[in-house]
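A.B. asks: My structure file start06.cif, mmCIF, C-alpha atoms (C1' of nucleotides), is below:
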data_structure
#
loop_
_atom_site.label_atom_id
_atom_site.label_comp_id
_atom_site.auth_asym_id
_atom_site.auth_seq_id
_atom_site.Cartn_x
_atom_site.Cartn_y
_atom_site.Cartn_z
CA MET I 1136 -25.92 406.43 135.73
CA GLU I 1137 -22.49 405.64 136.97
CA LYS I 1138 -19.91 408.39 136.68
CA TYR I 1139 -17.71 406.43 134.29
CA VAL I 1140 -20.56 405.42 132.02
CA LYS I 1141 -21.44 409.07 131.71
CA ILE I 1142 -17.88 409.99 130.77
CA LEU I 1143 -17.80 407.35 128.03
CA LYS I 1144 -21.25 408.34 126.81
CA ASP I 1145 -20.36 412.03 126.74
CA ASN I 1146 -17.45 411.13 124.50
CA ASN I 1147 -19.51 408.99 122.12
CA MET I 1148 -17.60 405.90 123.10
CA LYS I 1149 -19.12 402.45 123.31
CA ILE I 1150 -19.78 401.42 126.88
CA THR I 1151 -17.85 398.31 127.80
CA SER I 1152 -17.06 396.88 131.20
CA HIS I 1153 -13.35 396.87 130.45
CA ARG I 1154 -13.28 400.55 129.65
CA ILE I 1155 -15.25 401.31 132.79
CA ASN I 1156 -12.87 399.21 134.86
CA VAL I 1157 -9.77 400.85 133.43
CA LEU I 1158 -11.26 404.29 133.94
CA ARG I 1159 -12.35 403.52 137.49
CA TYR I 1160 -8.93 402.08 138.24
CA LEU I 1161 -7.20 405.25 137.12
CA ASP I 1162 -9.69 407.37 139.04
CA LYS I 1163 -9.18 405.43 142.27
CA HIS I 1164 -5.43 404.93 142.04
CA CYS I 1165 -3.32 408.05 141.96
CA THR I 1166 -0.18 405.98 141.45
CA HIS I 1167 0.25 406.67 137.73
CA PRO I 1168 0.21 402.97 136.84
CA THR I 1169 1.54 401.36 133.68
CA ALA I 1170 -0.62 399.30 131.33
CA ASP I 1171 0.89 396.18 132.86
CA GLN I 1172 0.06 397.22 136.42
CA ILE I 1173 -3.53 397.96 135.44
CA TYR I 1174 -3.75 394.66 133.59
CA THR I 1175 -2.37 392.62 136.48
CA ASP I 1176 -4.67 394.23 139.02
CA LEU I 1177 -7.84 394.05 136.94
CA LYS I 1178 -7.14 390.49 135.91
CA THR I 1179 -7.54 389.18 139.45
CA ASN I 1180 -11.27 389.98 139.35
CA ASN I 1181 -11.63 389.31 135.65
CA PRO I 1182 -9.42 386.43 134.55
CA SER I 1183 -10.51 386.55 130.91
CA LEU I 1184 -9.11 390.06 130.50
CA SER I 1185 -6.54 390.38 127.74
CA LYS I 1186 -3.61 392.73 127.94
CA THR I 1187 -4.35 393.97 124.44
CA THR I 1188 -7.75 395.10 125.73
CA VAL I 1189 -6.07 397.23 128.38
CA TYR I 1190 -3.86 398.80 125.72
CA ASN I 1191 -6.88 399.39 123.50
CA ALA I 1192 -8.92 400.88 126.32
CA LEU I 1193 -6.06 403.17 127.30
CA ASP I 1194 -5.56 404.28 123.70
CA ALA I 1195 -9.27 404.98 123.28
CA LEU I 1196 -9.49 406.92 126.53
CA GLU I 1197 -6.36 408.86 125.70
CA SER I 1198 -7.46 409.79 122.20
CA HIS I 1199 -10.58 411.33 123.71
CA GLY I 1200 -8.51 413.31 126.19
CA ILE I 1201 -10.02 411.52 129.18
CA ILE I 1202 -6.66 410.24 130.34
CA GLN I 1203 -3.07 411.19 129.59
CA ALA I 1204 0.04 409.16 128.95
CA ILE I 1205 3.02 410.21 131.03
CA THR I 1206 6.34 409.65 129.25
CA ILE I 1207 8.53 410.63 132.17
CA SER I 1208 10.30 407.33 132.78
CA GLY I 1209 11.47 406.86 129.23
CA SER I 1210 10.97 403.11 129.29
CA GLU I 1211 7.23 402.62 129.66
CA LEU I 1212 4.11 404.74 129.67
CA HIS I 1213 2.30 405.65 132.86
CA TYR I 1214 -1.29 406.87 132.89
CA ASP I 1215 -3.18 409.57 134.69
CA ILE I 1216 -6.73 410.84 134.64
CA THR I 1217 -6.79 414.26 132.98
CA HIS I 1218 -7.65 416.99 135.47
CA GLU I 1219 -6.35 420.43 136.42
CA MET I 1220 -2.87 421.05 135.12
CA HIS I 1221 -0.18 419.70 137.37
CA HIS I 1222 3.29 418.34 136.93
CA HIS I 1223 5.17 415.20 137.85
CA PHE I 1224 8.28 414.36 139.80
CA TYR I 1225 10.08 411.14 138.93
CA CYS I 1226 12.42 409.55 141.44
CA LYS I 1227 15.37 408.01 139.64
CA LYS I 1228 15.97 405.69 142.57
CA CYS I 1229 12.58 404.17 143.42
CA GLY I 1230 10.79 405.00 140.16
CA LYS I 1231 7.83 406.55 141.91
CA ILE I 1232 5.94 409.38 140.20
CA ILE I 1233 4.70 412.12 142.49
CA ASP I 1234 2.20 414.86 141.62
CA ILE I 1235 3.52 418.41 141.78
CA GLU I 1236 0.78 420.96 142.18
CA PHE I 1237 1.87 424.05 140.38
CA CYS I 1238 1.88 425.16 136.81
CA CYS I 1239 3.90 427.43 134.62
CA PRO I 1240 2.54 430.90 133.80
CA ASN I 1241 4.68 431.09 130.68
CA ILE I 1242 2.67 428.42 128.93
CA ASN I 1243 0.50 431.23 127.60
CA LYS I 1244 3.48 432.42 125.59
CA MET I 1245 3.05 429.33 123.45
CA SER I 1246 0.51 431.15 121.28
CA GLU I 1247 3.36 433.33 119.98
CA TYR I 1248 4.98 430.32 118.37
CA GLY I 1249 2.03 429.49 116.15
CA HIS I 1250 1.83 425.84 117.17
CA GLU I 1251 -1.42 424.32 118.32
CA VAL I 1252 -1.01 423.18 121.92
CA GLU I 1253 -2.88 420.08 123.05
CA GLU I 1254 -0.94 418.87 126.07
CA VAL I 1255 1.50 420.34 128.54
CA HIS I 1256 3.75 418.09 130.61
CA GLY I 1257 6.14 419.24 133.29
CA TYR I 1258 8.56 416.52 134.31
CA ILE I 1259 11.02 416.97 137.13
CA LYS I 1260 13.53 414.24 137.81
CA GLY I 1261 15.77 413.58 140.76
CA ILE I 1262 15.74 411.78 144.10
CA CYS I 1263 12.58 411.87 146.18
CA LYS I 1264 12.37 412.89 149.82
CA LYS I 1265 12.01 409.30 151.05
CA CYS I 1266 14.99 408.00 149.09
CA ILE I 1267 17.15 410.88 150.33
CA LYS I 1268 16.36 409.84 153.92
CA LYS I 1269 17.01 406.16 153.24
CA GLY I 1270 20.25 406.95 151.49
CA SER I 1271 21.85 408.98 154.23
CA MET P 868 42.72 420.81 122.36
CA GLU P 869 39.48 420.19 120.61
CA LYS P 870 36.37 421.39 122.41
CA TYR P 871 34.90 417.90 122.77
CA VAL P 872 38.12 416.38 124.06
CA LYS P 873 38.13 419.03 126.74
CA ILE P 874 34.56 418.23 127.75
CA LEU P 875 35.38 414.55 128.11
CA LYS P 876 38.60 415.30 129.97
CA ASP P 877 36.89 417.71 132.34
CA ASN P 878 34.50 414.92 133.20
CA ASN P 879 37.21 412.32 133.78
CA MET P 880 35.97 410.26 130.87
CA LYS P 881 38.20 408.27 128.60
CA ILE P 882 38.74 410.00 125.27
CA THR P 883 37.51 407.86 122.40
CA SER P 884 36.76 408.84 118.85
CA HIS P 885 33.24 407.46 119.11
CA ARG P 886 32.40 409.60 122.11
CA ILE P 887 33.84 412.63 120.38
CA ASN P 888 31.84 411.89 117.25
CA VAL P 889 28.58 411.42 119.16
CA LEU P 890 29.19 414.60 121.13
CA ARG P 891 30.08 416.60 118.02
CA TYR P 892 27.03 415.22 116.25
CA LEU P 893 24.73 416.40 119.02
CA ASP P 894 26.47 419.76 119.13
CA LYS P 895 26.14 420.31 115.38
CA HIS P 896 22.63 418.92 114.93
CA CYS P 897 19.88 420.63 116.84
CA THR P 898 17.36 418.08 115.63
CA HIS P 899 17.14 416.06 118.85
CA PRO P 900 18.12 412.82 117.13
CA THR P 901 17.50 409.30 118.38
CA ALA P 902 20.28 406.79 119.00
CA ASP P 903 19.41 405.16 115.70
CA GLN P 904 19.62 408.41 113.75
CA ILE P 905 23.03 409.15 115.25
CA TYR P 906 24.17 405.61 114.54
CA THR P 907 23.03 405.67 110.93
CA ASP P 908 24.65 409.03 110.21
CA LEU P 909 27.95 408.30 111.92
CA LYS P 910 28.19 404.87 110.34
CA THR P 911 28.56 406.32 106.84
CA ASN P 912 32.00 407.72 107.74
CA ASN P 913 32.85 404.94 110.13
CA PRO P 914 31.47 401.61 108.92
CA SER P 915 32.83 399.61 111.86
CA LEU P 916 30.70 401.57 114.32
CA SER P 917 28.41 399.42 116.41
CA LYS P 918 25.00 400.55 117.56
CA THR P 919 25.78 399.38 121.07
CA THR P 920 28.68 401.82 121.09
CA VAL P 921 26.31 404.66 120.33
CA TYR P 922 24.05 403.57 123.18
CA ASN P 923 27.06 403.27 125.49
CA ALA P 924 28.43 406.66 124.49
CA LEU P 925 25.02 408.28 125.00
CA ASP P 926 24.63 406.64 128.41
CA ALA P 927 28.09 407.74 129.48
CA LEU P 928 27.55 411.32 128.30
CA GLU P 929 24.15 411.43 129.94
CA SER P 930 25.34 410.10 133.28
CA HIS P 931 27.85 412.94 133.38
CA GLY P 932 25.15 415.48 132.62
CA ILE P 933 26.75 416.48 129.31
CA ILE P 934 23.68 415.52 127.32
CA GLN P 935 20.05 414.87 128.21
CA ALA P 936 17.58 412.24 127.13
CA ILE P 937 14.25 413.64 125.99
CA THR P 938 11.34 411.29 126.67
CA ILE P 939 8.72 413.38 124.92
CA SER P 940 7.72 410.97 122.18
CA GLY P 941 7.01 408.06 124.46
CA SER P 942 8.37 405.50 122.04
CA GLU P 943 12.06 406.27 121.77
CA LEU P 944 14.59 408.55 123.39
CA HIS P 945 15.84 411.70 121.72
CA TYR P 946 19.03 413.44 122.78
CA ASP P 947 20.07 417.03 123.32
CA ILE P 948 23.23 418.76 124.48
CA THR P 949 22.62 420.17 127.95
CA HIS P 950 22.60 423.96 127.93
CA GLU P 951 20.46 426.77 129.33
CA MET P 952 17.07 425.54 130.41
CA HIS P 953 14.56 425.39 127.61
CA HIS P 954 11.55 423.30 126.76
CA HIS P 955 10.39 421.17 123.85
CA PHE P 956 7.40 421.10 121.57
CA TYR P 957 6.49 417.75 120.01
CA CYS P 958 4.37 417.67 116.87
CA LYS P 959 2.02 414.70 116.99
CA LYS P 960 1.73 414.78 113.21
CA CYS P 961 5.29 415.01 111.88
CA GLY P 962 7.11 413.92 115.03
CA LYS P 963 9.45 416.88 114.97
CA ILE P 964 10.78 418.27 118.25
CA ILE P 965 11.14 422.04 118.40
CA ASP P 966 13.02 424.06 121.04
CA ILE P 967 10.90 426.42 123.10
CA GLU P 968 12.91 429.19 124.69
CA PHE P 969 11.30 429.98 127.96
CA CYS P 970 11.35 428.47 131.37
CA CYS P 971 9.07 428.21 134.33
CA PRO P 972 9.66 430.53 137.30
CA ASN P 973 7.82 428.14 139.61
CA ILE P 974 10.54 425.52 139.37
CA ASN P 975 12.10 427.23 142.39
CA LYS P 976 9.10 426.11 144.41
CA MET P 977 10.40 422.58 144.08
CA SER P 978 12.63 423.07 147.12
CA GLU P 979 9.48 423.18 149.27
CA TYR P 980 8.74 419.59 148.40
CA GLY P 981 11.99 418.23 149.81
CA HIS P 982 12.94 416.27 146.70
CA GLU P 983 16.36 416.68 145.14
CA VAL P 984 15.91 418.09 141.63
CA GLU P 985 18.36 417.00 138.94
CA GLU P 986 16.49 417.62 135.70
CA VAL P 987 13.57 419.72 134.56
CA HIS P 988 11.74 418.90 131.35
CA GLY P 989 8.93 420.91 129.85
CA TYR P 990 7.12 419.03 127.11
CA ILE P 991 4.38 420.62 125.06
CA LYS P 992 2.52 418.48 122.55
CA GLY P 993 0.25 419.38 119.70
CA ILE P 994 0.40 420.24 116.01
CA CYS P 995 3.26 422.38 114.75
CA LYS P 996 2.88 425.52 112.66
CA LYS P 997 3.96 423.79 109.44
CA CYS P 998 1.57 420.89 109.83
CA ILE P 999 -1.30 423.26 110.56
CA LYS P 1000 -0.61 425.00 107.23
CA LYS P 1001 -0.33 421.74 105.32
CA GLY P 1002 -3.51 420.39 106.88
CA SER P 1003 -5.78 423.26 105.93
"C1'" DT S 861 -37.46 391.68 121.13
"C1'" DT S 862 -34.51 390.36 117.15
"C1'" DA S 863 -31.17 391.06 113.72
"C1'" DC S 864 -27.48 393.56 111.74
"C1'" DA S 865 -23.28 396.30 111.19
"C1'" DA S 866 -19.65 398.35 113.35
"C1'" DA S 867 -16.64 398.23 116.88
"C1'" DA S 868 -14.48 395.81 120.96
"C1'" DT S 869 -12.18 391.77 122.72
"C1'" DT S 870 -9.09 387.98 122.64
"C1'" DG S 871 -4.80 385.28 122.04
"C1'" DT S 872 -0.96 384.96 119.48
"C1'" DA S 873 2.71 386.50 116.84
"C1'" DA S 874 5.52 390.29 115.33
"C1'" DT S 875 8.02 394.61 115.99
"C1'" DC S 876 11.20 397.77 117.66
"C1'" DA S 877 14.03 400.19 121.02
"C1'" DT S 878 17.07 399.05 124.36
"C1'" DT S 879 20.03 396.07 127.35
"C1'" DA S 880 22.92 391.95 128.54
"C1'" DT S 881 26.80 389.22 127.46
"C1'" DA S 882 31.32 387.74 126.42
"C1'" DA S 883 35.25 388.17 123.44
"C1'" DT S 884 38.35 391.54 121.61
"C1'" DT S 885 40.54 395.94 121.34
"C1'" DT S 886 42.03 400.34 123.09
"C1'" DA S 887 43.17 404.36 126.31
"C1'" DA S 888 45.63 405.90 130.14
"C1'" DC S 889 49.35 405.71 132.90
"C1'" DA S 890 53.22 403.71 135.46
"C1'" DT M 1160 56.43 399.61 126.47
"C1'" DG M 1161 53.52 396.76 129.33
"C1'" DT M 1162 49.63 396.45 132.18
"C1'" DT M 1163 44.99 397.14 133.62
"C1'" DA M 1164 40.65 398.89 133.46
"C1'" DA M 1165 37.42 400.40 130.47
"C1'" DA M 1166 35.46 400.78 125.67
"C1'" DT M 1167 34.02 398.45 121.53
"C1'" DT M 1168 31.92 394.90 118.94
"C1'" DA M 1169 28.51 391.47 117.33
"C1'" DT M 1170 25.06 388.81 118.77
"C1'" DA M 1171 21.44 387.33 121.60
"C1'" DA M 1172 17.91 388.48 124.88
"C1'" DT M 1173 14.42 391.44 126.92
"C1'" DG M 1174 10.35 393.99 127.46
"C1'" DA M 1175 6.88 397.25 126.11
"C1'" DT M 1176 3.86 397.87 122.55
"C1'" DT M 1177 1.46 396.84 118.14
"C1'" DA M 1178 -0.48 393.97 114.30
"C1'" DC M 1179 -3.55 390.60 113.08
"C1'" DA M 1180 -7.51 387.66 112.38
"C1'" DA M 1181 -11.13 385.19 114.60
"C1'" DT M 1182 -14.79 385.78 117.84
"C1'" DT M 1183 -17.90 388.36 120.70
"C1'" DT M 1184 -20.41 392.35 122.05
"C1'" DT M 1185 -22.60 396.96 121.65
"C1'" DG M 1186 -25.80 400.16 119.77
"C1'" DT M 1187 -29.47 400.76 116.84
"C1'" DA M 1188 -33.23 400.04 113.71
"C1'" DA M 1189 -36.74 397.08 111.97
#
Once you've parsed the file, please lay out its structure as structure tokens.
C.D. replies:
Amino acid sequence: MEKYVKILKDNNMKITSHRINVLRYLDKHCTHPTADQIYTDLKTNNPSLSKTTVYNALDALESHGIIQAITISGSELHYDITHEMHHHFYCKKCGKIIDIEFCCPNINKMSEYGHEVEEVHGYIKGICKKCIKKGS
Amino acid sequence: MEKYVKILKDNNMKITSHRINVLRYLDKHCTHPTADQIYTDLKTNNPSLSKTTVYNALDALESHGIIQAITISGSELHYDITHEMHHHFYCKKCGKIIDIEFCCPNINKMSEYGHEVEEVHGYIKGICKKCIKKGS
DNA sequence: TTACAAAATTGTAATCATTATAATTTAACA
DNA sequence: TGTTAAATTATAATGATTACAATTTTGTAA
């Protein structure tokens, strides 16, 4: 059984080709794409695909915790497969989102507050290495 | 000289009553309001206020680093006066944003990556204490 | 298999936050 | 006090996302 079918099955989700394609896309592309980028790319091989379907698939996958929405840009959502905790750097110049592989030890303090934690996002914003070089 | 006038002056910004009002509003309200909430509240004492002016004032204040846009909700921007680093908890049920007073020691590692860091946002999402109580 | 019910997909229209525009007014400074 | 650049205003436009209703498909049980 394909990896993605198993993930959907394990989450009691109906197996549809669109969901598999969206999931595979996010697994293969570590670019943190937007719904529109996913839609545009998948549509080339599947012209009948509707953008609403991409939104629905993303919502379904997100509500099961399989993927996460990244709100770093402030203007549109980017998506990422959920895996070990990591953070994101957002370049204000080129808009690229770069993975940052560390996590905060103080997150454990959250239990003191009494809130139920479901997601932790670390967003760092600035100018990326490449844009610094270009700019100078 | 009023506190807010001084802040604007120190940043070489033109002094306007709208900017002062927006800045005072953010200083007095620790609720992380949206542009619309600020607009609605300020409009009661100043009926000629335009929503575009609120957006402009927020943009100007943000570009000078006086305030920060919080992208935690994913659907609209919330604003906060810039002060010591702290993080934010977002309740998925009631939508409230709560200040979390700790910060991550690993942020210093960012220099290793070669990117220029301008902002650090820690967003924690889940269900807040109050909503947990209500729900049970 | 075949049929059924629930859920997914589709295309279109609507929504809502934000931005663009152009005319008017105001702040800062000579 | 007059001038100039910038801020304000109202309105229109944009763009991401959601709502909706008709159609199709999935999962399951006869």
A.B. asks: Quick check: residues of chain I within 12 Å of chain M, all atoms listed in the file, returned as a count of residues only.
C.D. replies: 22
A.B. asks: Given the file above and the PyMOL selection byres ((chain I and resi 1196-1202) around 7), which residues are selected, and can you give them as an NGL selection string?
C.D. replies: :I and (1146 or 1192-1195 or 1203-1204 or 1214-1217)
A.B. asks: Expand the PyMOL selection byres ((chain P) within 6 of (chain I)) into the explicit residue set it covers here, and present it as a list in words.
C.D. replies: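 Applying the expression gives Thr938, Gly941, Cys971, Gly981, His982, Glu983, Val984, Glu985, Glu986, Val987, His988, Gly989, Tyr990, Ile991, Lys992, Gly993, Ile994, Cys995 and Lys996 of chain P.
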A.B. asks: Can you tell me how far CA of Val889 in chain P sits from CA of Tyr906 in chain P, in Å to one decimal?
C.D. replies: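 CA of Tyr906 in chain P lies 8.6 Å from CA of Val889 in chain P.
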A.B. asks: For chain I, work out the contacting residues on chain S at 8 Å, counting all atoms listed in the file, and write them as a list of chain:residue names.
C.D. replies: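 Interface list for chain S against chain I: S:DT869, S:DT870, S:DG871.
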A.B. asks: Could those residues be written to a file, using C-alpha atoms (C1' of nucleotides), as a PDB file, keeping the file's coordinate frame?
C.D. replies:
ATOM      1  C1'  DT S 869     -12.180 391.770 122.720  1.00  0.00           C
ATOM      2  C1'  DT S 870      -9.090 387.980 122.640  1.00  0.00           C
ATOM      3  C1'  DG S 871      -4.800 385.280 122.040  1.00  0.00           C
TER       4       DG S 871
END
A.B. asks: How many Å separate CA of Thr907 in chain P from CA of Asn888 in chain P?
C.D. replies: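 Atom-to-atom, CA of Thr907 in chain P and CA of Asn888 in chain P are spaced 12.5 Å apart.
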A.B. asks: Quick one, how far is CA of Asp966 in chain P from CA of Ser978 in chain P?
C.D. replies: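 These two atoms are separated by 26.1 Å.
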A.B. asks: Select, counting all atoms listed in the file, all protein, DNA and RNA residues no farther than 8 Å from (0.3, 405.7, 141.4) in file coordinates, and express the selection as a list in words.
C.D. replies: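 Collected hits near the coordinates: His1164, Cys1165, Thr1166, His1167, Pro1168, Lys1231, Ile1232 and Ile1233 of chain I.
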A.B. asks: Atoms are missing here; could range 927-938 of chain P be completed with all heavy atoms and written as an mmCIF file, keeping the file's coordinate frame?
C.D. replies:
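Everything below was put into selection_5.cif:
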data_model
loop_
_atom_site.group_PDB
_atom_site.id
_atom_site.type_symbol
_atom_site.label_atom_id
_atom_site.label_comp_id
_atom_site.auth_asym_id
_atom_site.auth_seq_id
_atom_site.Cartn_x
_atom_site.Cartn_y
_atom_site.Cartn_z
ATOM 1 N N ALA P 927 26.965 407.168 128.748
ATOM 2 C CA ALA P 927 28.090 407.740 129.480
ATOM 3 C C ALA P 927 27.973 409.264 129.514
ATOM 4 O O ALA P 927 28.128 409.893 130.566
ATOM 5 C CB ALA P 927 29.405 407.314 128.834
ATOM 6 N N LEU P 928 27.679 409.856 128.363
ATOM 7 C CA LEU P 928 27.550 411.320 128.300
ATOM 8 C C LEU P 928 26.390 411.795 129.159
ATOM 9 O O LEU P 928 26.478 412.820 129.831
ATOM 10 C CB LEU P 928 27.359 411.766 126.841
ATOM 11 C CG LEU P 928 28.563 411.572 125.918
ATOM 12 C CD1 LEU P 928 28.170 411.745 124.458
ATOM 13 C CD2 LEU P 928 29.690 412.542 126.292
ATOM 14 N N GLU P 929 25.312 411.028 129.150
ATOM 15 C CA GLU P 929 24.150 411.430 129.940
ATOM 16 C C GLU P 929 24.434 411.335 131.436
ATOM 17 O O GLU P 929 24.058 412.220 132.198
ATOM 18 C CB GLU P 929 22.934 410.573 129.577
ATOM 19 C CG GLU P 929 21.642 411.168 130.112
ATOM 20 C CD GLU P 929 20.510 410.170 130.163
ATOM 21 O OE1 GLU P 929 20.689 409.022 129.703
ATOM 22 O OE2 GLU P 929 19.440 410.545 130.679
ATOM 23 N N SER P 930 25.108 410.271 131.839
ATOM 24 C CA SER P 930 25.340 410.100 133.280
ATOM 25 C C SER P 930 26.269 411.178 133.818
ATOM 26 O O SER P 930 26.301 411.423 135.022
ATOM 27 C CB SER P 930 25.892 408.703 133.566
ATOM 28 O OG SER P 930 27.214 408.609 133.086
ATOM 29 N N HIS P 931 27.016 411.826 132.943
ATOM 30 C CA HIS P 931 27.850 412.940 133.380
ATOM 31 C C HIS P 931 27.155 414.287 133.200
ATOM 32 O O HIS P 931 27.760 415.343 133.399
ATOM 33 C CB HIS P 931 29.188 412.939 132.623
ATOM 34 C CG HIS P 931 30.130 411.887 133.101
ATOM 35 N ND1 HIS P 931 30.082 410.580 132.647
ATOM 36 C CD2 HIS P 931 31.130 411.911 134.017
ATOM 37 C CE1 HIS P 931 31.028 409.865 133.254
ATOM 38 N NE2 HIS P 931 31.669 410.645 134.079
ATOM 39 N N GLY P 932 25.917 414.247 132.761
ATOM 40 C CA GLY P 932 25.150 415.480 132.620
ATOM 41 C C GLY P 932 25.532 416.322 131.410
ATOM 42 O O GLY P 932 25.112 417.466 131.292
ATOM 43 N N ILE P 933 26.319 415.728 130.492
ATOM 44 C CA ILE P 933 26.750 416.480 129.310
ATOM 45 C C ILE P 933 25.633 416.570 128.287
ATOM 46 O O ILE P 933 25.486 417.551 127.571
ATOM 47 C CB ILE P 933 28.003 415.816 128.696
ATOM 48 C CG1 ILE P 933 29.123 415.757 129.740
ATOM 49 C CG2 ILE P 933 28.452 416.546 127.440
ATOM 50 C CD1 ILE P 933 30.274 414.852 129.352
ATOM 51 N N ILE P 934 24.855 415.515 128.211
ATOM 52 C CA ILE P 934 23.680 415.520 127.320
ATOM 53 C C ILE P 934 22.463 415.085 128.136
ATOM 54 O O ILE P 934 22.610 414.588 129.253
ATOM 55 C CB ILE P 934 23.875 414.566 126.119
ATOM 56 C CG1 ILE P 934 23.975 413.116 126.590
ATOM 57 C CG2 ILE P 934 25.113 414.954 125.324
ATOM 58 C CD1 ILE P 934 23.998 412.113 125.455
ATOM 59 N N GLN P 935 21.283 415.276 127.534
ATOM 60 C CA GLN P 935 20.050 414.870 128.210
ATOM 61 C C GLN P 935 19.195 414.029 127.287
ATOM 62 O O GLN P 935 19.140 414.278 126.088
ATOM 63 C CB GLN P 935 19.255 416.104 128.632
ATOM 64 C CG GLN P 935 19.739 416.710 129.942
ATOM 65 C CD GLN P 935 18.696 417.602 130.579
ATOM 66 O OE1 GLN P 935 17.899 418.232 129.881
ATOM 67 N NE2 GLN P 935 18.677 417.651 131.904
ATOM 68 N N ALA P 936 18.539 413.047 127.891
ATOM 69 C CA ALA P 936 17.580 412.240 127.130
ATOM 70 C C ALA P 936 16.215 412.912 127.206
ATOM 71 O O ALA P 936 15.782 413.324 128.280
ATOM 72 C CB ALA P 936 17.500 410.836 127.712
ATOM 73 N N ILE P 937 15.571 413.024 126.065
ATOM 74 C CA ILE P 937 14.250 413.640 125.990
ATOM 75 C C ILE P 937 13.230 412.530 125.791
ATOM 76 O O ILE P 937 13.296 411.787 124.820
ATOM 77 C CB ILE P 937 14.203 414.615 124.798
ATOM 78 C CG1 ILE P 937 15.289 415.682 124.963
ATOM 79 C CG2 ILE P 937 12.844 415.267 124.679
ATOM 80 C CD1 ILE P 937 15.442 416.561 123.738
ATOM 81 N N THR P 938 12.289 412.414 126.713
ATOM 82 C CA THR P 938 11.340 411.290 126.670
ATOM 83 C C THR P 938 9.995 411.714 126.084
ATOM 84 O O THR P 938 8.992 411.054 126.299
ATOM 85 C CB THR P 938 11.102 410.739 128.091
ATOM 86 O OG1 THR P 938 10.478 411.755 128.890
ATOM 87 C CG2 THR P 938 12.410 410.331 128.750
#
